[in-house]
file query.pdb (PDB, C-alpha atoms, pLDDT in the B column)
ATOM      1  CA  MET U   1      56.542  91.607 106.345  1.00 55.00           C
ATOM      2  CA  ALA U   2      58.518  93.916 104.065  1.00 57.00           C
ATOM      3  CA  ASN U   3      58.284  93.700 100.297  1.00 57.00           C
ATOM      4  CA  VAL U   4      61.760  92.767  99.023  1.00 55.00           C
ATOM      5  CA  SER U   5      60.858  92.061  95.424  1.00 55.00           C
ATOM      6  CA  PRO U   6      63.499  92.825  92.753  1.00 55.00           C
ATOM      7  CA  THR U   7      61.354  95.529  91.114  1.00 55.00           C
ATOM      8  CA  ARG U   8      61.454  97.738  94.190  1.00 56.00           C
ATOM      9  CA  GLY U   9      65.187  98.539  93.853  1.00 60.00           C
ATOM     10  CA  ASP U  10      65.036  99.423  90.148  1.00 66.00           C
ATOM     11  CA  MET U  11      66.400 102.959  89.647  1.00 68.00           C
ATOM     12  CA  SER U  12      65.687 103.177  85.920  1.00 71.00           C
ATOM     13  CA  THR U  13      62.262 104.701  86.566  1.00 74.00           C
ATOM     14  CA  HIS U  14      63.553 107.341  88.987  1.00 70.00           C
ATOM     15  CA  PRO U  15      62.852 110.867  87.662  1.00 76.00           C
ATOM     16  CA  ASP U  16      66.413 112.096  88.361  1.00 77.00           C
ATOM     17  CA  VAL U  17      68.322 109.108  87.014  1.00 75.00           C
ATOM     18  CA  SER U  18      70.099 111.038  84.233  1.00 81.00           C
ATOM     19  CA  GLU U  19      71.208 113.771  86.647  1.00 81.00           C
ATOM     20  CA  MET U  20      72.453 111.166  89.133  1.00 74.00           C
ATOM     21  CA  ARG U  21      74.462 109.398  86.411  1.00 74.00           C
ATOM     22  CA  THR U  22      76.031 112.701  85.331  1.00 76.00           C
ATOM     23  CA  ARG U  23      76.939 113.561  88.923  1.00 67.00           C
ATOM     24  CA  TYR U  24      78.377 110.092  89.527  1.00 62.00           C
ATOM     25  CA  ASP U  25      80.530 110.307  86.382  1.00 64.00           C
ATOM     26  CA  ARG U  26      81.743 113.777  87.362  1.00 60.00           C
ATOM     27  CA  MET U  27      82.627 112.609  90.896  1.00 54.00           C
ATOM     28  CA  LEU U  28      84.661 109.697  89.615  1.00 57.00           C
ATOM     29  CA  GLY U  29      86.476 111.953  87.163  1.00 55.00           C
ATOM     30  CA  GLY U  30      87.679 109.130  84.923  1.00 51.00           C
ATOM     31  CA  ARG U  31      88.987 106.959  87.755  1.00 54.00           C
ATOM     32  CA  ASP U  32      89.793 104.002  85.542  1.00 56.00           C
ATOM     33  CA  VAL U  33      93.023 103.191  87.350  1.00 56.00           C
ATOM     34  CA  ALA U  34      91.890 103.595  90.941  1.00 64.00           C
ATOM     35  CA  LEU U  35      93.339 100.177  91.751  1.00 71.00           C
ATOM     36  CA  VAL U  36      96.829 101.395  90.836  1.00 80.00           C
ATOM     37  CA  ASP U  37      96.914 104.112  93.528  1.00 83.00           C
ATOM     38  CA  GLY U  38      97.459 101.697  96.417  1.00 88.00           C
ATOM     39  CA  PRO U  39     100.314  99.742  94.829  1.00 92.00           C
ATOM     40  CA  VAL U  40     102.018 102.996  93.796  1.00 92.00           C
ATOM     41  CA  PHE U  41     101.864 104.235  97.387  1.00 94.00           C
ATOM     42  CA  LEU U  42     103.176 100.930  98.742  1.00 95.00           C
ATOM     43  CA  LEU U  43     105.986 100.978  96.185  1.00 96.00           C
ATOM     44  CA  GLY U  44     106.969 104.482  97.312  1.00 96.00           C
ATOM     45  CA  LEU U  45     106.876 103.391 100.937  1.00 97.00           C
ATOM     46  CA  TYR U  46     109.049 100.365 100.213  1.00 97.00           C
ATOM     47  CA  CYS U  47     111.465 102.456  98.162  1.00 96.00           C
ATOM     48  CA  ALA U  48     111.854 104.877 101.061  1.00 96.00           C
ATOM     49  CA  VAL U  49     112.611 102.173 103.631  1.00 96.00           C
ATOM     50  CA  SER U  50     114.441  99.695 101.376  1.00 93.00           C
ATOM     51  CA  PRO U  51     117.967 100.772 102.411  1.00 91.00           C
ATOM     52  CA  TRP U  52     117.201  99.598 105.943  1.00 91.00           C
ATOM     53  CA  ILE U  53     115.406  96.434 104.784  1.00 91.00           C
ATOM     54  CA  VAL U  54     118.141  95.346 102.366  1.00 88.00           C
ATOM     55  CA  HIS U  55     120.878  96.603 104.752  1.00 83.00           C
ATOM     56  CA  TYR U  56     122.875  98.772 102.421  1.00 77.00           C
ATOM     57  CA  SER U  57     122.547 101.951 104.439  1.00 66.00           C
ATOM     58  CA  ALA U  58     126.090 101.729 105.873  1.00 75.00           C
ATOM     59  CA  GLY U  59     127.911 100.942 102.638  1.00 80.00           C
ATOM     60  CA  GLN U  60     125.947 103.284 100.371  1.00 85.00           C
ATOM     61  CA  PRO U  61     124.997 106.446 102.338  1.00 87.00           C
ATOM     62  CA  ALA U  62     124.333 108.491  99.180  1.00 90.00           C
ATOM     63  CA  LEU U  63     122.048 105.797  97.776  1.00 91.00           C
ATOM     64  CA  MET U  64     120.278 105.513 101.125  1.00 91.00           C
ATOM     65  CA  THR U  65     119.335 109.200 101.015  1.00 92.00           C
ATOM     66  CA  HIS U  66     118.475 108.910  97.322  1.00 94.00           C
ATOM     67  CA  ASN U  67     116.038 106.033  97.862  1.00 94.00           C
ATOM     68  CA  LEU U  68     114.420 107.852 100.772  1.00 95.00           C
ATOM     69  CA  ILE U  69     113.803 110.976  98.668  1.00 96.00           C
ATOM     70  CA  VAL U  70     112.603 109.084  95.573  1.00 97.00           C
ATOM     71  CA  GLY U  71     110.348 106.897  97.739  1.00 96.00           C
ATOM     72  CA  ILE U  72     108.757 109.975  99.269  1.00 97.00           C
ATOM     73  CA  ALA U  73     108.288 111.440  95.766  1.00 96.00           C
ATOM     74  CA  ILE U  74     106.554 108.259  94.560  1.00 95.00           C
ATOM     75  CA  GLY U  75     104.342 108.280  97.658  1.00 94.00           C
ATOM     76  CA  VAL U  76     103.389 111.918  97.079  1.00 94.00           C
ATOM     77  CA  LEU U  77     102.509 111.099  93.456  1.00 91.00           C
ATOM     78  CA  ALA U  78     100.294 108.253  94.688  1.00 90.00           C
ATOM     79  CA  LEU U  79      98.518 110.548  97.133  1.00 90.00           C
ATOM     80  CA  GLY U  80      98.033 113.058  94.330  1.00 88.00           C
ATOM     81  CA  PHE U  81      96.612 110.335  92.073  1.00 83.00           C
ATOM     82  CA  THR U  82      94.097 109.571  94.811  1.00 83.00           C
ATOM     83  CA  ALA U  83      93.220 113.140  95.854  1.00 83.00           C
ATOM     84  CA  ALA U  84      93.047 114.855  92.451  1.00 80.00           C
ATOM     85  CA  PRO U  85      92.997 112.192  89.736  1.00 75.00           C
ATOM     86  CA  ALA U  86      91.823 114.434  86.915  1.00 72.00           C
ATOM     87  CA  ARG U  87      94.822 116.718  87.398  1.00 77.00           C
ATOM     88  CA  MET U  88      97.470 114.267  88.520  1.00 79.00           C
ATOM     89  CA  TYR U  89      97.237 111.482  85.955  1.00 73.00           C
ATOM     90  CA  GLY U  90      99.025 113.790  83.554  1.00 78.00           C
ATOM     91  CA  LEU U  91     102.046 113.289  85.822  1.00 85.00           C
ATOM     92  CA  SER U  92     102.028 109.550  85.194  1.00 85.00           C
ATOM     93  CA  TRP U  93     104.968 110.085  82.875  1.00 90.00           C
ATOM     94  CA  ALA U  94     106.915 111.476  85.834  1.00 92.00           C
ATOM     95  CA  MET U  95     106.341 108.123  87.506  1.00 92.00           C
ATOM     96  CA  CYS U  96     107.841 106.435  84.440  1.00 94.00           C
ATOM     97  CA  ALA U  97     110.845 108.750  84.613  1.00 95.00           C
ATOM     98  CA  LEU U  98     111.315 107.937  88.302  1.00 95.00           C
ATOM     99  CA  GLY U  99     111.222 104.230  87.420  1.00 96.00           C
ATOM    100  CA  ILE U 100     113.933 104.618  84.784  1.00 97.00           C
ATOM    101  CA  TRP U 101     116.000 106.718  87.181  1.00 96.00           C
ATOM    102  CA  MET U 102     115.703 104.066  89.910  1.00 96.00           C
ATOM    103  CA  ILE U 103     117.048 101.448  87.500  1.00 96.00           C
ATOM    104  CA  ILE U 104     120.212 103.429  86.673  1.00 95.00           C
ATOM    105  CA  ALA U 105     120.677 105.109  90.083  1.00 94.00           C
ATOM    106  CA  PRO U 106     122.923 102.452  91.672  1.00 93.00           C
ATOM    107  CA  TRP U 107     125.642 103.228  89.134  1.00 93.00           C
ATOM    108  CA  VAL U 108     125.078 106.997  89.008  1.00 94.00           C
ATOM    109  CA  VAL U 109     124.531 107.757  92.701  1.00 92.00           C
ATOM    110  CA  GLY U 110     126.152 104.758  94.364  1.00 84.00           C
ATOM    111  CA  SER U 111     129.782 103.753  94.472  1.00 83.00           C
ATOM    112  CA  SER U 112     130.457 100.175  93.316  1.00 84.00           C
ATOM    113  CA  PRO U 113     127.084  98.776  94.391  1.00 86.00           C
ATOM    114  CA  ASP U 114     126.760  95.108  95.237  1.00 87.00           C
ATOM    115  CA  ALA U 115     124.225  92.745  93.675  1.00 89.00           C
ATOM    116  CA  GLY U 116     121.577  93.215  96.392  1.00 88.00           C
ATOM    117  CA  VAL U 117     121.496  96.970  95.903  1.00 90.00           C
ATOM    118  CA  VAL U 118     121.306  96.653  92.126  1.00 92.00           C
ATOM    119  CA  VAL U 119     118.548  94.016  92.165  1.00 94.00           C
ATOM    120  CA  ASN U 120     116.522  95.987  94.724  1.00 94.00           C
ATOM    121  CA  ASN U 121     116.664  99.212  92.725  1.00 95.00           C
ATOM    122  CA  VAL U 122     116.024  97.494  89.385  1.00 96.00           C
ATOM    123  CA  ILE U 123     112.908  95.781  90.762  1.00 97.00           C
ATOM    124  CA  ILE U 124     111.627  99.030  92.287  1.00 97.00           C
ATOM    125  CA  GLY U 125     112.361 100.884  89.049  1.00 97.00           C
ATOM    126  CA  ALA U 126     110.696  98.271  86.860  1.00 97.00           C
ATOM    127  CA  LEU U 127     107.570  98.286  89.017  1.00 97.00           C
ATOM    128  CA  ALA U 128     107.463 102.095  89.022  1.00 96.00           C
ATOM    129  CA  LEU U 129     107.851 102.130  85.246  1.00 96.00           C
ATOM    130  CA  LEU U 130     105.128  99.510  84.789  1.00 95.00           C
ATOM    131  CA  LEU U 131     102.662 101.263  87.119  1.00 92.00           C
ATOM    132  CA  GLY U 132     103.454 104.635  85.536  1.00 91.00           C
ATOM    133  CA  LEU U 133     102.806 103.221  82.054  1.00 91.00           C
ATOM    134  CA  MET U 134      99.506 101.760  83.261  1.00 87.00           C
ATOM    135  CA  CYS U 135      98.431 105.137  84.659  1.00 82.00           C
ATOM    136  CA  ALA U 136      99.616 107.034  81.577  1.00 82.00           C
ATOM    137  CA  GLY U 137      97.919 104.631  79.165  1.00 81.00           C
ATOM    138  CA  THR U 138      94.616 104.797  80.989  1.00 74.00           C
ATOM    139  CA  ALA U 139      94.813 108.569  81.309  1.00 71.00           C
ATOM    140  CA  ALA U 140      95.481 108.864  77.575  1.00 73.00           C
ATOM    141  CA  LYS U 141      92.448 106.687  76.790  1.00 71.00           C
ATOM    142  CA  SER U 142      90.137 108.662  79.103  1.00 63.00           C
ATOM    143  CA  VAL U 143      90.983 112.102  77.632  1.00 58.00           C
ATOM    144  CA  PRO U 144      88.051 113.210  75.469  1.00 57.00           C
ATOM    145  CA  ARG U 145      88.961 113.775  71.836  1.00 56.00           C
ATOM    146  CA  SER U 146      87.633 116.880  70.051  1.00 53.00           C
TER     147      SER U 146
END

call {"tool": "encode", "arguments": {"input": "query.pdb", "output": "structure tokens"}}
result
Amino acid sequence: MANVSPTRGDMSTHPDVSEMRTRYDRMLGGRDVALVDGPVFLLGLYCAVSPWIVHYSAGQPALMTHNLIVGIAIGVLALGFTAAPARMYGLSWAMCALGIWMIIAPWVVGSSPDAGVVVNNVIIGALALLLGLMCAGTAAKSVPRS
């Protein structure tokens, strides 16, 4: 029978434990907001397809194209947050800017938008702003101070 006592799995006595911890920390690269990457990608995906879900593609063709492009941009930011977090979390403020732009876009890009279009874009914009602030705040906390 195998020995499955709790002391067998203890790594604190391993001779390379400090090197393994350093390597693990370097691999994670300050991934404190890894749980935000998925929702940001889903938000970008929804933003891109929302004109067809909310059915304002016929009445607002300029806003339809706008939401598609901004949704793709949010999705690309999310993929960048996942692929290169150390470099991309500096662009969290761009996510905030996209959120603010989505809130005001129905009046700037659209022509007399109805309530469904406005509510859809305001919700998308508020979520993008919130997620961008979460990423930016965590990135600011994880930057080492000299």

call {"tool": "residues_around", "arguments": {"input": "query.pdb", "residues": "Ile103 in chain U", "least_positions_apart": "3", "cutoff": "12 Å", "atoms": "all atoms listed in the file", "output": "ChimeraX atom specification"}}
result
/U:67,70,96-100,106-110,117-129

call {"tool": "atom_distance", "arguments": {"input": "query.pdb", "atom1": "CA of Ala139 in chain U", "atom2": "CA of Trp101 in chain U"}}
result
22.1 Å

call {"tool": "closest_residue", "arguments": {"input": "query.pdb", "among": "U:Leu68, U:Ile104, U:Leu35, U:Met88", "to": "Ser50 in chain U", "atoms": "only C-alpha atoms"}}
result
U:Leu68

call {"tool": "residues_around", "arguments": {"input": "query.pdb", "residues": "range 71-79 of chain U", "least_positions_apart": "6", "cutoff": "12 Å", "atoms": "all atoms listed in the file", "output": "JSON, numbers by chain"}}
result
{"U": [33, 34, 35, 36, 37, 38, 39, 40, 41, 42, 43, 44, 45, 46, 47, 48, 49, 50, 51, 63, 64, 65, 85, 87, 88, 89, 90, 91, 92, 93, 94, 95, 96, 97, 98, 99, 101, 102, 121, 124, 125, 127, 128, 129, 131, 132, 135]}

call {"tool": "write_last_selection", "arguments": {"input": "query.pdb", "atoms": "C-alpha atoms", "output": "PDB file, in the coordinates of the input"}}
result
ATOM      1  CA  VAL U  33      93.023 103.191  87.350  1.00 56.00           C
ATOM      2  CA  ALA U  34      91.890 103.595  90.941  1.00 64.00           C
ATOM      3  CA  LEU U  35      93.339 100.177  91.751  1.00 71.00           C
ATOM      4  CA  VAL U  36      96.829 101.395  90.836  1.00 80.00           C
ATOM      5  CA  ASP U  37      96.914 104.112  93.528  1.00 83.00           C
ATOM      6  CA  GLY U  38      97.459 101.697  96.417  1.00 88.00           C
ATOM      7  CA  PRO U  39     100.314  99.742  94.829  1.00 92.00           C
ATOM      8  CA  VAL U  40     102.018 102.996  93.796  1.00 92.00           C
ATOM      9  CA  PHE U  41     101.864 104.235  97.387  1.00 94.00           C
ATOM     10  CA  LEU U  42     103.176 100.930  98.742  1.00 95.00           C
ATOM     11  CA  LEU U  43     105.986 100.978  96.185  1.00 96.00           C
ATOM     12  CA  GLY U  44     106.969 104.482  97.312  1.00 96.00           C
ATOM     13  CA  LEU U  45     106.876 103.391 100.937  1.00 97.00           C
ATOM     14  CA  TYR U  46     109.049 100.365 100.213  1.00 97.00           C
ATOM     15  CA  CYS U  47     111.465 102.456  98.162  1.00 96.00           C
ATOM     16  CA  ALA U  48     111.854 104.877 101.061  1.00 96.00           C
ATOM     17  CA  VAL U  49     112.611 102.173 103.631  1.00 96.00           C
ATOM     18  CA  SER U  50     114.441  99.695 101.376  1.00 93.00           C
ATOM     19  CA  PRO U  51     117.967 100.772 102.411  1.00 91.00           C
ATOM     20  CA  LEU U  63     122.048 105.797  97.776  1.00 91.00           C
ATOM     21  CA  MET U  64     120.278 105.513 101.125  1.00 91.00           C
ATOM     22  CA  THR U  65     119.335 109.200 101.015  1.00 92.00           C
ATOM     23  CA  PRO U  85      92.997 112.192  89.736  1.00 75.00           C
ATOM     24  CA  ARG U  87      94.822 116.718  87.398  1.00 77.00           C
ATOM     25  CA  MET U  88      97.470 114.267  88.520  1.00 79.00           C
ATOM     26  CA  TYR U  89      97.237 111.482  85.955  1.00 73.00           C
ATOM     27  CA  GLY U  90      99.025 113.790  83.554  1.00 78.00           C
ATOM     28  CA  LEU U  91     102.046 113.289  85.822  1.00 85.00           C
ATOM     29  CA  SER U  92     102.028 109.550  85.194  1.00 85.00           C
ATOM     30  CA  TRP U  93     104.968 110.085  82.875  1.00 90.00           C
ATOM     31  CA  ALA U  94     106.915 111.476  85.834  1.00 92.00           C
ATOM     32  CA  MET U  95     106.341 108.123  87.506  1.00 92.00           C
ATOM     33  CA  CYS U  96     107.841 106.435  84.440  1.00 94.00           C
ATOM     34  CA  ALA U  97     110.845 108.750  84.613  1.00 95.00           C
ATOM     35  CA  LEU U  98     111.315 107.937  88.302  1.00 95.00           C
ATOM     36  CA  GLY U  99     111.222 104.230  87.420  1.00 96.00           C
ATOM     37  CA  TRP U 101     116.000 106.718  87.181  1.00 96.00           C
ATOM     38  CA  MET U 102     115.703 104.066  89.910  1.00 96.00           C
ATOM     39  CA  ASN U 121     116.664  99.212  92.725  1.00 95.00           C
ATOM     40  CA  ILE U 124     111.627  99.030  92.287  1.00 97.00           C
ATOM     41  CA  GLY U 125     112.361 100.884  89.049  1.00 97.00           C
ATOM     42  CA  LEU U 127     107.570  98.286  89.017  1.00 97.00           C
ATOM     43  CA  ALA U 128     107.463 102.095  89.022  1.00 96.00           C
ATOM     44  CA  LEU U 129     107.851 102.130  85.246  1.00 96.00           C
ATOM     45  CA  LEU U 131     102.662 101.263  87.119  1.00 92.00           C
ATOM     46  CA  GLY U 132     103.454 104.635  85.536  1.00 91.00           C
ATOM     47  CA  CYS U 135      98.431 105.137  84.659  1.00 82.00           C
TER      48      CYS U 135
END

call {"tool": "atom_distance", "arguments": {"input": "query.pdb", "atom1": "CA of Ala105 in chain U", "atom2": "CA of Ala136 in chain U"}}
result
22.8 Å

call {"tool": "decode", "arguments": {"input": "query.pdb", "residues": "range 70-81 of chain U", "atoms": "all heavy atoms", "output": "mmCIF file, in the first residue's frame"}}
result
data_model
loop_
_atom_site.group_PDB
_atom_site.id
_atom_site.type_symbol
_atom_site.label_atom_id
_atom_site.label_comp_id
_atom_site.auth_asym_id
_atom_site.auth_seq_id
_atom_site.Cartn_x
_atom_site.Cartn_y
_atom_site.Cartn_z
ATOM 1 N N VAL U 70 -15.949 48.498 -32.278
ATOM 2 C CA VAL U 70 -15.576 48.671 -30.869
ATOM 3 C C VAL U 70 -15.589 47.317 -30.147
ATOM 4 O O VAL U 70 -14.722 47.044 -29.314
ATOM 5 C CB VAL U 70 -16.493 49.693 -30.171
ATOM 6 C CG1 VAL U 70 -16.248 49.731 -28.674
ATOM 7 C CG2 VAL U 70 -16.284 51.071 -30.766
ATOM 8 N N GLY U 71 -16.529 46.457 -30.478
ATOM 9 C CA GLY U 71 -16.561 45.119 -29.882
ATOM 10 C C GLY U 71 -15.324 44.314 -30.232
ATOM 11 O O GLY U 71 -14.759 43.619 -29.381
ATOM 12 N N ILE U 72 -14.898 44.408 -31.483
ATOM 13 C CA ILE U 72 -13.665 43.714 -31.879
ATOM 14 C C ILE U 72 -12.474 44.305 -31.136
ATOM 15 O O ILE U 72 -11.584 43.572 -30.680
ATOM 16 C CB ILE U 72 -13.479 43.787 -33.408
ATOM 17 C CG1 ILE U 72 -14.541 42.926 -34.097
ATOM 18 C CG2 ILE U 72 -12.080 43.349 -33.812
ATOM 19 C CD1 ILE U 72 -14.604 43.099 -35.594
ATOM 20 N N ALA U 73 -12.434 45.624 -30.972
ATOM 21 C CA ALA U 73 -11.332 46.264 -30.236
ATOM 22 C C ALA U 73 -11.297 45.801 -28.783
ATOM 23 O O ALA U 73 -10.212 45.519 -28.242
ATOM 24 C CB ALA U 73 -11.469 47.782 -30.306
ATOM 25 N N ILE U 74 -12.448 45.701 -28.139
ATOM 26 C CA ILE U 74 -12.496 45.229 -26.750
ATOM 27 C C ILE U 74 -12.044 43.775 -26.680
ATOM 28 O O ILE U 74 -11.296 43.387 -25.780
ATOM 29 C CB ILE U 74 -13.907 45.418 -26.162
ATOM 30 C CG1 ILE U 74 -14.220 46.901 -25.998
ATOM 31 C CG2 ILE U 74 -14.048 44.705 -24.820
ATOM 32 C CD1 ILE U 74 -15.652 47.198 -25.595
ATOM 33 N N GLY U 75 -12.467 42.963 -27.643
ATOM 34 C CA GLY U 75 -12.035 41.566 -27.672
ATOM 35 C C GLY U 75 -10.540 41.424 -27.870
ATOM 36 O O GLY U 75 -9.896 40.577 -27.245
ATOM 37 N N VAL U 76 -9.965 42.260 -28.726
ATOM 38 C CA VAL U 76 -8.511 42.222 -28.946
ATOM 39 C C VAL U 76 -7.774 42.651 -27.677
ATOM 40 O O VAL U 76 -6.740 42.068 -27.328
ATOM 41 C CB VAL U 76 -8.123 43.105 -30.155
ATOM 42 C CG1 VAL U 76 -6.634 43.332 -30.226
ATOM 43 C CG2 VAL U 76 -8.614 42.463 -31.443
ATOM 44 N N LEU U 77 -8.288 43.655 -26.977
ATOM 45 C CA LEU U 77 -7.687 44.042 -25.694
ATOM 46 C C LEU U 77 -7.727 42.874 -24.709
ATOM 47 O O LEU U 77 -6.749 42.615 -24.000
ATOM 48 C CB LEU U 77 -8.414 45.243 -25.102
ATOM 49 C CG LEU U 77 -7.979 46.616 -25.580
ATOM 50 C CD1 LEU U 77 -8.890 47.686 -24.987
ATOM 51 C CD2 LEU U 77 -6.545 46.899 -25.218
ATOM 52 N N ALA U 78 -8.844 42.169 -24.653
ATOM 53 C CA ALA U 78 -8.960 41.028 -23.741
ATOM 54 C C ALA U 78 -7.957 39.940 -24.092
ATOM 55 O O ALA U 78 -7.332 39.354 -23.205
ATOM 56 C CB ALA U 78 -10.377 40.468 -23.777
ATOM 57 N N LEU U 79 -7.802 39.660 -25.380
ATOM 58 C CA LEU U 79 -6.809 38.660 -25.781
ATOM 59 C C LEU U 79 -5.400 39.122 -25.435
ATOM 60 O O LEU U 79 -4.558 38.320 -25.037
ATOM 61 C CB LEU U 79 -6.936 38.372 -27.279
ATOM 62 C CG LEU U 79 -8.205 37.643 -27.704
ATOM 63 C CD1 LEU U 79 -8.266 37.506 -29.215
ATOM 64 C CD2 LEU U 79 -8.305 36.283 -27.040
ATOM 65 N N GLY U 80 -5.146 40.414 -25.579
ATOM 66 C CA GLY U 80 -3.841 40.947 -25.191
ATOM 67 C C GLY U 80 -3.620 40.854 -23.695
ATOM 68 O O GLY U 80 -2.510 40.547 -23.244
ATOM 69 N N PHE U 81 -4.662 41.112 -22.894
ATOM 70 C CA PHE U 81 -4.548 40.980 -21.446
ATOM 71 C C PHE U 81 -4.184 39.547 -21.067
ATOM 72 O O PHE U 81 -3.446 39.318 -20.117
ATOM 73 C CB PHE U 81 -5.861 41.344 -20.746
ATOM 74 C CG PHE U 81 -6.241 42.795 -20.824
ATOM 75 C CD1 PHE U 81 -7.548 43.180 -20.614
ATOM 76 C CD2 PHE U 81 -5.313 43.782 -21.098
ATOM 77 C CE1 PHE U 81 -7.927 44.508 -20.666
ATOM 78 C CE2 PHE U 81 -5.673 45.115 -21.164
ATOM 79 C CZ PHE U 81 -6.984 45.482 -20.949
#
